[in-house]
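Structure data (compact mmCIF, C-alpha atoms and all ligand atoms) from model04.txt:
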# COMPACT_ATOMS: atom_id res chain seq x y z
CA MET A 30 -23.60 -11.13 -1.27
CA LYS A 31 -21.03 -13.90 -1.49
CA VAL A 32 -17.46 -13.50 -2.74
CA GLU A 33 -18.52 -15.24 -5.97
CA ASP A 34 -21.15 -12.53 -6.54
CA TYR A 35 -18.51 -9.79 -6.24
CA ALA A 36 -16.37 -11.72 -8.74
CA LYS A 37 -19.34 -11.76 -11.11
CA LEU A 38 -19.62 -7.96 -10.84
CA ILE A 39 -15.96 -7.72 -11.83
CA ARG A 40 -16.47 -10.02 -14.82
CA GLU A 41 -19.38 -7.79 -15.86
CA GLY A 42 -17.03 -4.79 -15.93
CA GLN A 43 -17.82 -3.25 -12.52
CA ILE A 44 -15.42 -1.98 -9.88
CA VAL A 45 -15.28 -3.75 -6.50
CA ALA A 46 -13.35 -2.69 -3.39
CA PHE A 47 -11.81 -5.62 -1.52
CA PRO A 48 -9.56 -6.25 1.49
CA THR A 49 -5.91 -7.29 1.28
CA GLU A 50 -3.40 -7.74 4.11
CA THR A 51 -1.97 -4.25 3.43
CA VAL A 52 -4.83 -1.87 2.55
CA TYR A 53 -8.16 -2.14 0.70
CA GLY A 54 -7.88 -2.18 -3.09
CA LEU A 55 -10.20 -0.85 -5.79
CA GLY A 56 -10.40 -3.80 -8.15
CA ALA A 57 -11.17 -4.05 -11.86
CA ASP A 58 -10.60 -6.75 -14.50
CA VAL A 59 -7.07 -6.34 -15.89
CA TRP A 60 -8.36 -7.09 -19.43
CA ASN A 61 -11.22 -4.54 -19.31
CA GLU A 62 -9.87 -1.12 -20.32
CA ALA A 63 -13.17 0.68 -19.79
CA ALA A 64 -13.44 -0.62 -16.21
CA ILE A 65 -9.83 0.41 -15.56
CA ALA A 66 -10.47 3.89 -16.98
CA GLU A 67 -13.34 4.13 -14.50
CA VAL A 68 -10.96 3.27 -11.62
CA PHE A 69 -8.68 6.18 -12.59
CA LYS A 70 -11.69 8.47 -12.89
CA ARG A 71 -13.31 7.55 -9.56
CA LYS A 72 -10.03 7.93 -7.68
CA GLY A 73 -9.04 11.12 -9.46
CA ARG A 74 -5.77 9.36 -10.22
CA PRO A 75 -3.30 10.84 -12.74
CA SER A 76 -3.10 8.61 -15.81
CA ASP A 77 0.71 8.42 -15.64
CA ASN A 78 0.55 6.45 -12.38
CA PRO A 79 0.52 2.70 -13.16
CA LEU A 80 -1.51 0.07 -11.30
CA ILE A 81 -0.56 -3.16 -9.55
CA VAL A 82 -2.06 -6.37 -10.96
CA HIS A 83 -3.25 -8.79 -8.27
CA ILE A 84 -3.16 -12.53 -8.96
CA SER A 85 -4.18 -15.64 -7.02
CA ASP A 86 -1.88 -18.23 -8.61
CA ILE A 87 1.69 -18.17 -9.86
CA GLU A 88 0.69 -19.47 -13.30
CA SER A 89 -0.98 -16.11 -14.04
CA LEU A 90 2.45 -14.47 -13.95
CA GLU A 91 3.16 -15.68 -17.47
CA ASP A 92 0.03 -14.05 -18.92
CA LEU A 93 1.20 -10.69 -17.60
CA ALA A 94 5.00 -10.63 -17.54
CA SER A 95 7.66 -11.65 -20.06
CA GLU A 96 11.33 -12.61 -19.70
CA ILE A 97 10.61 -13.54 -16.07
CA PRO A 98 13.95 -14.02 -14.30
CA ASP A 99 14.52 -16.99 -12.01
CA ILE A 100 14.80 -14.66 -9.01
CA ALA A 101 11.18 -13.60 -9.52
CA TYR A 102 10.06 -17.20 -9.01
CA ARG A 103 12.29 -17.57 -5.97
CA LEU A 104 10.87 -14.41 -4.42
CA ALA A 105 7.30 -15.38 -5.28
CA LYS A 106 7.81 -18.78 -3.69
CA ALA A 107 9.24 -17.25 -0.54
CA PHE A 108 6.85 -14.33 -0.07
CA TRP A 109 3.57 -14.90 -1.94
CA PRO A 110 0.90 -14.58 -0.95
CA GLY A 111 2.27 -11.48 0.81
CA PRO A 112 3.01 -7.74 0.72
CA LEU A 113 5.66 -7.88 -2.02
CA THR A 114 5.00 -6.43 -5.49
CA LEU A 115 7.36 -7.42 -8.30
CA VAL A 116 8.00 -5.13 -11.28
CA LEU A 117 8.74 -7.20 -14.41
CA ASN A 118 8.84 -6.67 -18.16
CA LYS A 119 5.28 -6.82 -19.40
CA GLN A 120 3.55 -9.03 -21.92
CA ASP A 121 2.36 -7.08 -24.98
CA GLN A 122 -1.24 -8.03 -24.23
CA VAL A 123 -1.31 -6.12 -20.91
CA PRO A 124 -3.23 -2.90 -21.68
CA ASP A 125 -1.18 0.32 -21.66
CA ILE A 126 -3.70 1.92 -19.31
CA VAL A 127 -2.59 -0.56 -16.60
CA THR A 128 1.10 0.30 -16.86
CA ALA A 129 0.71 3.97 -17.83
CA GLY A 130 2.57 3.14 -21.02
CA LEU A 131 5.63 1.68 -19.24
CA GLY A 132 7.27 -1.47 -20.58
CA THR A 133 6.98 -3.04 -17.14
CA VAL A 134 4.10 -4.33 -15.06
CA ALA A 135 3.78 -4.54 -11.25
CA ILE A 136 2.31 -7.79 -9.89
CA ARG A 137 1.51 -9.23 -6.47
CA MET A 138 -0.45 -12.00 -4.77
CA PRO A 139 -2.24 -10.56 -1.73
CA ASP A 140 -2.27 -12.52 1.53
CA HIS A 141 -5.96 -12.35 2.33
CA PRO A 142 -8.38 -15.29 1.95
CA MET A 143 -11.21 -13.12 0.59
CA ALA A 144 -8.95 -11.40 -1.94
CA LEU A 145 -7.57 -14.74 -3.13
CA LYS A 146 -11.05 -16.21 -3.48
CA LEU A 147 -12.28 -13.12 -5.32
CA ILE A 148 -9.40 -13.20 -7.80
CA ALA A 149 -9.66 -16.97 -8.28
CA ASN A 150 -13.25 -16.35 -9.42
CA SER A 151 -12.72 -13.14 -11.42
CA GLY A 152 -9.23 -13.49 -12.89
CA PRO A 153 -6.36 -11.01 -12.33
CA LEU A 154 -7.41 -7.60 -10.99
CA VAL A 155 -5.78 -4.21 -11.17
CA ALA A 156 -6.16 -2.61 -7.76
CA PRO A 157 -4.85 0.70 -6.56
CA SER A 158 -5.52 1.52 -2.93
CA ALA A 159 -9.26 2.21 -2.54
CA ASN A 160 -8.96 5.87 -1.52
CA LEU A 161 -9.48 9.12 -3.37
CA SER A 162 -6.14 10.25 -4.79
CA GLY A 163 -4.22 12.17 -2.12
CA LYS A 164 -6.15 10.67 0.84
CA PRO A 165 -4.61 8.10 3.17
CA SER A 166 -4.99 4.50 1.99
CA PRO A 167 -8.03 2.71 3.49
CA THR A 168 -7.33 0.13 6.18
CA ALA A 169 -11.00 -0.62 6.90
CA ALA A 170 -14.17 -0.88 4.81
CA ASP A 171 -15.50 2.29 6.51
CA HIS A 172 -12.59 4.27 5.07
CA VAL A 173 -13.60 3.18 1.57
CA LYS A 174 -17.18 4.32 2.32
CA GLU A 175 -15.86 7.65 3.60
CA ASP A 176 -14.22 8.32 0.23
CA PHE A 177 -16.73 6.77 -2.20
CA GLY A 178 -20.04 6.57 -0.33
CA ASP A 179 -22.33 3.80 -1.52
CA ALA A 180 -21.31 4.22 -5.16
CA ILE A 181 -18.88 1.31 -5.11
CA ALA A 182 -19.50 -2.30 -4.07
CA ILE A 183 -17.33 -3.23 -1.10
CA LEU A 184 -16.35 -6.75 -0.14
CA GLU A 185 -15.92 -6.28 3.62
CA GLY A 186 -13.13 -8.13 5.38
CA GLY A 187 -12.43 -6.23 8.60
CA PRO A 188 -9.40 -4.07 9.34
CA THR A 189 -6.23 -4.83 7.39
CA ARG A 190 -3.30 -6.50 9.16
CA VAL A 191 -0.25 -4.63 7.82
CA GLY A 192 -1.80 -1.19 7.34
CA ILE A 193 0.69 0.23 4.83
CA GLU A 194 1.09 -0.61 1.17
CA SER A 195 3.20 -3.45 -0.24
CA THR A 196 6.91 -3.29 -0.93
CA VAL A 197 7.47 -2.54 -4.64
CA LEU A 198 10.59 -4.36 -5.89
CA ASP A 199 11.84 -3.61 -9.39
CA LEU A 200 13.30 -6.71 -11.08
CA SER A 201 13.42 -5.21 -14.57
CA GLY A 202 16.82 -3.56 -14.23
CA GLU A 203 20.33 -4.82 -13.62
CA LYS A 204 19.95 -5.05 -9.85
CA PRO A 205 16.80 -5.61 -7.78
CA ILE A 206 15.78 -2.28 -6.25
CA ILE A 207 13.04 -1.45 -3.75
CA LEU A 208 11.05 1.45 -5.22
CA ARG A 209 8.54 1.60 -2.35
CA PRO A 210 9.45 0.29 1.12
CA GLY A 211 6.90 -1.99 2.80
CA ALA A 212 6.62 -4.81 5.30
CA ILE A 213 9.04 -7.04 3.39
CA GLY A 214 12.54 -5.58 3.21
CA PRO A 215 16.15 -6.44 2.38
CA GLU A 216 16.53 -8.20 5.73
CA GLU A 217 13.72 -10.74 5.11
CA ILE A 218 14.58 -11.14 1.44
CA GLU A 219 18.23 -11.92 2.08
CA LYS A 220 17.45 -14.23 5.00
CA GLN A 221 14.93 -16.32 3.08
CA THR A 222 16.45 -16.32 -0.40
CA GLY A 223 20.07 -15.12 -0.14
CA ILE A 224 19.17 -12.43 -2.68
CA LYS A 225 20.59 -8.98 -1.92
CA VAL A 226 18.37 -6.00 -2.68
CA ASP A 227 18.76 -2.30 -1.97
CA TYR A 228 16.38 0.52 -1.29
CA SER A 229 16.32 3.05 -4.05
CA SER A 230 18.03 6.12 -2.61
CA ILE A 231 15.61 8.29 -4.56
CA ASN A 232 12.47 6.90 -2.96
CA THR A 233 13.18 6.05 0.65
CA ASP A 234 13.40 9.73 1.54
CA GLY A 235 10.04 10.38 -0.04
CA GLY A 236 11.51 12.23 -3.02
CA PRO A 237 10.41 12.02 -6.64
CA SER A 238 11.05 8.90 -8.69
CA PRO A 239 11.33 8.55 -12.42
CA LYS A 240 10.95 4.74 -12.13
CA SER A 241 7.82 4.50 -10.01
CA PRO A 242 5.68 7.39 -11.17
CA GLY A 243 3.20 7.18 -8.30
CA LEU A 244 5.82 8.10 -5.79
CA LYS A 245 6.20 11.64 -7.08
CA TYR A 246 2.69 12.60 -6.01
CA ALA A 247 1.81 13.90 -2.56
CA HIS A 248 0.30 10.99 -0.71
CA TYR A 249 -1.07 9.69 2.51
CA LYS A 250 -2.00 13.09 3.84
CA PRO A 251 -4.84 13.88 6.23
CA ASN A 252 -6.34 17.38 6.22
CA ALA A 253 -4.72 17.91 9.61
CA ARG A 254 -1.09 18.97 9.44
CA VAL A 255 1.32 16.18 10.29
CA ARG A 256 4.30 16.89 12.54
CA TYR A 257 7.17 14.61 13.42
CA GLY A 258 9.55 15.16 16.34
CA LYS A 259 9.93 15.48 20.08
CA VAL A 260 6.84 16.41 22.08
CA ASN A 261 7.13 19.02 24.81
CA THR A 262 3.60 20.03 25.69
CA ILE A 263 0.21 18.43 25.05
CA GLU A 264 -2.06 20.81 23.08
CA SER A 265 -5.78 20.27 22.79
CA ASP A 266 -6.08 20.60 18.99
CA THR A 267 -3.46 17.89 18.36
CA LEU A 268 -3.71 14.11 18.13
CA TYR A 269 -0.49 12.58 19.47
CA LEU A 270 0.99 9.26 18.42
CA LEU A 271 3.68 8.66 21.03
CA GLN A 272 6.22 5.88 21.41
CA GLU A 273 6.79 5.76 25.17
CA ASP A 274 4.66 4.90 28.19
CA GLY A 275 3.22 7.69 30.33
CA SER A 276 0.10 9.34 31.63
CA ASP A 277 -3.22 9.10 29.84
CA TYR A 278 -4.65 12.03 27.89
CA PRO A 279 -7.77 11.85 25.76
CA ASN A 280 -5.88 12.76 22.58
CA VAL A 281 -2.73 10.72 23.15
CA ILE A 282 -2.20 7.24 21.75
CA ARG A 283 0.83 5.33 22.97
CA TYR A 284 2.56 2.64 20.94
CA ASN A 285 5.38 1.82 23.38
CA GLY A 286 7.77 1.28 20.51
CA ASP A 287 5.57 -1.27 18.73
CA LEU A 288 6.18 -0.12 15.14
CA ASN A 289 3.98 -2.92 13.75
CA ALA A 290 1.03 -1.53 15.69
CA LEU A 291 1.82 2.03 14.57
CA SER A 292 2.01 0.93 10.94
CA GLN A 293 -1.29 -0.94 11.21
CA GLU A 294 -3.04 2.11 12.67
CA LEU A 295 -1.28 5.09 11.06
CA TYR A 296 -3.71 5.79 8.20
CA GLY A 297 -6.73 5.11 10.42
CA ARG A 298 -5.41 7.67 12.93
CA PHE A 299 -4.99 10.21 10.11
CA ARG A 300 -8.64 9.72 9.18
CA GLU A 301 -9.73 9.79 12.83
CA ALA A 302 -7.90 13.12 13.31
CA ASP A 303 -9.85 14.62 10.41
CA GLN A 304 -13.17 13.29 11.66
CA LYS A 305 -12.54 14.70 15.12
CA LYS A 306 -11.35 17.99 13.57
CA PHE A 307 -7.86 17.97 15.04
CA GLY A 308 -5.62 20.59 13.41
CA VAL A 309 -2.44 18.56 13.86
CA VAL A 310 -1.29 14.94 14.11
CA HIS A 311 1.98 14.82 16.00
CA ILE A 312 4.08 11.66 15.68
CA ALA A 313 6.95 11.22 18.15
CA PRO A 314 10.28 9.97 16.73
CA ILE A 315 10.57 6.26 15.90
CA GLU A 316 14.37 6.18 15.46
CA ALA A 317 14.97 4.42 18.80
CA PHE A 318 13.13 1.33 17.47
CA ARG A 319 14.93 1.15 14.16
CA SER A 320 17.17 -1.77 15.09
CA ALA A 321 14.28 -3.76 16.57
CA TYR A 322 12.14 -3.23 13.42
CA PRO A 323 14.54 -2.41 10.55
CA THR A 324 12.09 -3.10 7.74
CA ILE A 325 8.91 -1.61 9.11
CA TYR A 326 10.94 1.38 10.31
CA GLN A 327 11.92 2.19 6.70
CA ALA A 328 8.37 1.78 5.48
CA LEU A 329 6.82 3.86 8.24
CA LYS A 330 9.43 6.59 8.00
CA ASN A 331 8.74 6.83 4.26
CA ARG A 332 4.99 7.30 4.86
CA ILE A 333 5.50 9.75 7.73
CA VAL A 334 7.97 11.91 5.77
CA LYS A 335 5.49 12.09 2.90
CA ALA A 336 2.67 13.13 5.20
CA VAL A 337 4.63 15.78 7.09
CA ASP A 338 4.16 19.39 5.99
CA HIS A 339 7.30 20.62 4.35
O1 LIG B 1 -0.38 -2.91 -0.90
C1 LIG B 1 -0.59 -2.48 -2.04
O2 LIG B 1 0.27 -2.50 -2.92
C2 LIG B 1 -1.99 -1.93 -2.33
C3 LIG B 1 -2.99 -3.08 -2.26
C4 LIG B 1 -4.37 -2.69 -2.69
O3 LIG B 1 -2.50 -4.17 -2.98
N1 LIG B 1 -2.01 -1.27 -3.61
C5 LIG B 1 -1.42 -0.08 -3.83
O4 LIG B 1 -1.62 0.41 -5.12
O5 LIG B 1 -0.78 0.51 -2.98
P1 LIG B 1 -1.31 1.92 -5.49
O6 LIG B 1 -1.85 2.05 -6.86
O7 LIG B 1 -1.87 2.83 -4.47
O8 LIG B 1 0.25 2.00 -5.57
C6 LIG B 1 0.94 1.35 -6.62
C7 LIG B 1 2.39 1.81 -6.64
C8 LIG B 1 2.51 3.22 -7.18
O9 LIG B 1 3.53 3.89 -6.46
C9 LIG B 1 2.93 2.98 -8.64
O10 LIG B 1 3.65 4.05 -9.20
C10 LIG B 1 3.79 1.72 -8.50
O11 LIG B 1 3.11 0.94 -7.53
N2 LIG B 1 3.84 0.97 -9.76
C11 LIG B 1 2.86 0.34 -10.42
N3 LIG B 1 3.29 -0.18 -11.58
C12 LIG B 1 4.60 0.11 -11.67
C13 LIG B 1 5.63 -0.15 -12.64
N4 LIG B 1 5.39 -0.81 -13.75
N5 LIG B 1 6.88 0.31 -12.38
C14 LIG B 1 7.15 0.99 -11.24
N6 LIG B 1 6.23 1.28 -10.29
C15 LIG B 1 4.97 0.85 -10.50
MG MG B 2 -2.38 4.42 -3.38

Show me, as C-alpha cells, the structure contained in the file I just sent.
Ligand code: TXA
Ligand code: MG
Amino acid sequence: MKVEDYAKLIREGQIVAFPTETVYGLGADVWNEAAIAEVFKRKGRPSDNPLIVHISDIESLEDLASEIPDIAYRLAKAFWPGPLTLVLNKQDQVPDIVTAGLGTVAIRMPDHPMALKLIANSGPLVAPSANLSGKPSPTAADHVKEDFGDAIAILEGGPTRVGIESTVLDLSGEKPIILRPGAIGPEEIEKQTGIKVDYSSINTDGGPSPKSPGLKYAHYKPNARVRYGKVNTIESDTLYLLQEDGSDYPNVIRYNGDLNALSQELYGRFREADQKKFGVVHIAPIEAFRSAYPTIYQALKNRIVKAVDH
C-alpha cells in the first residue's frame, strides 16, 4: 500500500499507525469523534488524557488554535517540522474528546517525510504514541505489532530517530513552560529565537501534573523492574545499559556517554528485556554527561525516573 492509501483509510474513519521522528503514532482524523474514541479504546487510554494533533502545514494551526501568540509562529518557524509540541488555546470546533475537555489543544508538525505526506493527504491527525497504555512508546513498526497484532494498519518507516516523545511546551499561560521534556529544550529555544522558557518544576521530576494530565499516569515501563545507579556486579537476569567502555558481556550494552544513542534505544531495550525475560533493566548514571547533552539529559532522566520502581 502507498502512503495515499493509508490516508484514504484515515479519511474513511480508520486508525493508522505511522512513523514520526520521535516514536510511532496511532493516527485518526481530528474531526472524526468515533475514530478518536476507538483510539482511546484500543490503547486502553484514560479519557482525561488529551491527544496531540499532528499537522503538515502551518496554515492548519488556525483551524485548531485560537488567539495564537506571535511566539508560537516564531517557534514553529524555528523548530517545525520537529519534536516540539505547542499547547495553545483551542478553536471551539476542535472536539472535546481530543482535548479531554481542556480549553487548550496540543499541536505539532512531525519531522518525518512519510508522516508529512500522510497528513498532507488525510488532513490533521490526532496521534498518541502507538503503544498500549502503560507500555513503552514504540520506536519501530515491530513494537506496534507487539502491542496491537495485525488489527491496526501500520505505515512502516523504519526505526525512529529521536526515540523519546516530543517536548510539550505550554504557550497558553503567562510564561512558556515545558510540561514534558524532549529533544528540544530551553537551550535550543533560546539560541534560535531568544525566547526564554522554563521546565515545569512539577513535571521534570516525573511527578503529577494538573496541566498535562497524561503525565500523572505511570508510563514507559517494561515488565522488568528498572533500576538506576552504580553497577557493582554483573548478574545474569539483568540487562545493563552502561555509560562507560569496558569488557563485553552478553547482557551489557555500552553507550560510552552518547545520550542521543541511549535515548534512541531506551524504549526498544525495555521491550527487548521483556522479550528475553530479563527480570531487571539496570541503567548506569547519566549525570556525568549532563553538560555535554543538557537537553537530552533532562528528557532521558524524566523517562528513566518514571520507569524506575519506586
Ligand atoms: O512525540 C510525540 O509527541 C508522540 C508522537 C506520536 O508525535 N506523541 C505522543 O503522544 O507522545 P502521547 O499521547 O503519548 O502524549 C501526549 C502528551 C500527554 O502527556 C498529554 O497529557 C499531553 O501531551 N497533552 C496533550 N494535550 C494537552 C493539552 N491540551 N495540555 C497539556 N498537555 C497536553
Ligand atoms: Mg504515550

Could you list, as number ranges by chain, all protein and nucleic acid residues with an atom at most 6 Å from ligand MG 2 (chain B), counting all atoms listed in the file?
A: 157-158, 166

Taking into account all atoms listed in the file, which residue in the set A:Ala253, A:Val134, A:Ile333, A:Ala212 is nearest to Asp92 (chain A)?
A:Val134

Using all atoms listed in the file, determine which residues fall within 8 Å of ligand LIG 1 (chain B), then list them as number ranges by chain.
A: 48-55, 78-81, 83, 112-114, 116-117, 127-129, 131-137, 139, 156-159, 166, 193-197, 199, 208-209, 240-244

Excluding same-chain residues fewer than 6 positions from Gly56 (chain A), what lies within 12 Å of it counting all atoms listed in the file, as JSON, numbers by chain?
{"A": [35, 36, 38, 39, 40, 42, 43, 44, 45, 46, 47, 48, 49, 64, 65, 66, 67, 68, 69, 71, 72, 80, 81, 82, 83, 84, 127, 144, 147, 148, 151, 152, 153, 154, 155, 156, 157, 158, 159, 160, 181, 182, 183, 184]}

Calculate, to one decimal in Å, the centre and edge lengths of the box along x, y and z of the file that holds all listed atoms of region 174-184 of chain A with 6 Å of margin on each side, and present them as lines of an AutoDock Vina configuration file.
center_x = -18.3
center_y = 0.8
center_z = -0.8
size_x = 20.1
size_y = 27.1
size_z = 20.8

Nearest to Ala336 (chain A), chosen from A:Pro98, A:Pro165, A:Gly130, A:Pro75, with only C-alpha atoms counted in the distances
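Selected residue with least distance to Ala336 (chain A): A:Pro165.
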
Pick from A:Ser162, A:Thr189, A:Ser230, A:Gly211 nearest to Met143 (chain A), counting all atoms listed in the file:
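Residue with the minimum atom-to-atom distance to Met143 (chain A): A:Thr189.
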
Which value, in Å to one decimal, gives the distance between CA of Ala149 (chain A) and CA of Asp86 (chain A)?
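Between CA of Ala149 (chain A) and CA of Asp86 (chain A) the gap is 7.9 Å.
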
Determine the nearest neighbour of Glu91 (chain A) from the options A:Leu329, A:Leu198, A:Leu271, A:Val123, counting only C-alpha atoms.
A:Val123

Using all atoms listed in the file, the shortest atom-to-atom distance to Ile206 (chain A) among A:Arg300, A:Leu115, A:Gly258, A:Leu288 belongs to A:Leu115

Which is closer to Ala107 (chain A) than all the others in A:Arg254, A:Lys164, A:Lys259, A:Lys220, using all atoms listed in the file?
A:Lys220

Rounded to one decimal place, report the CA of Asp338 (chain A)-CA of Arg298 (chain A) distance in Å.
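The value is 16.6 Å.
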
One-decimal distance in Å that lies between CA of Gly192 (chain A) and CA of Asn150 (chain A)
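One can read the CA of Asn150 (chain A) to CA of Gly192 (chain A) distance as 25.3 Å.
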
For Thr222 (chain A), find every residue with an atom within 9 Å (counting all atoms listed in the file), except residues of its own chain fewer than 5 positions away, and show them as an mmCIF file with C-alpha atoms, keeping the file's coordinate frame.
data_model
loop_
_atom_site.group_PDB
_atom_site.id
_atom_site.type_symbol
_atom_site.label_atom_id
_atom_site.label_comp_id
_atom_site.auth_asym_id
_atom_site.auth_seq_id
_atom_site.Cartn_x
_atom_site.Cartn_y
_atom_site.Cartn_z
ATOM 1 C CA ILE A 100 14.800 -14.660 -9.010
ATOM 2 C CA ARG A 103 12.290 -17.570 -5.970
ATOM 3 C CA LEU A 104 10.870 -14.410 -4.420
ATOM 4 C CA ALA A 107 9.240 -17.250 -0.540
ATOM 5 C CA GLU A 217 13.720 -10.740 5.110
#

Near-Ile282 (chain A) list (10 Å; all atoms listed in the file; drop same-chain fewer than 2 positions) as a PyMOL selection string
chain A and resi 268-274+277-280+284-285+291+298+312

I'd like the contact shell of Gly297 (chain A) - 8 Å cut-off, only C-alpha atoms, skipping same-chain residues fewer than 3 positions apart - returned as a list in words.
Pro167, Thr168, Ala169, His172, Glu294, Arg300 and Glu301 of chain A
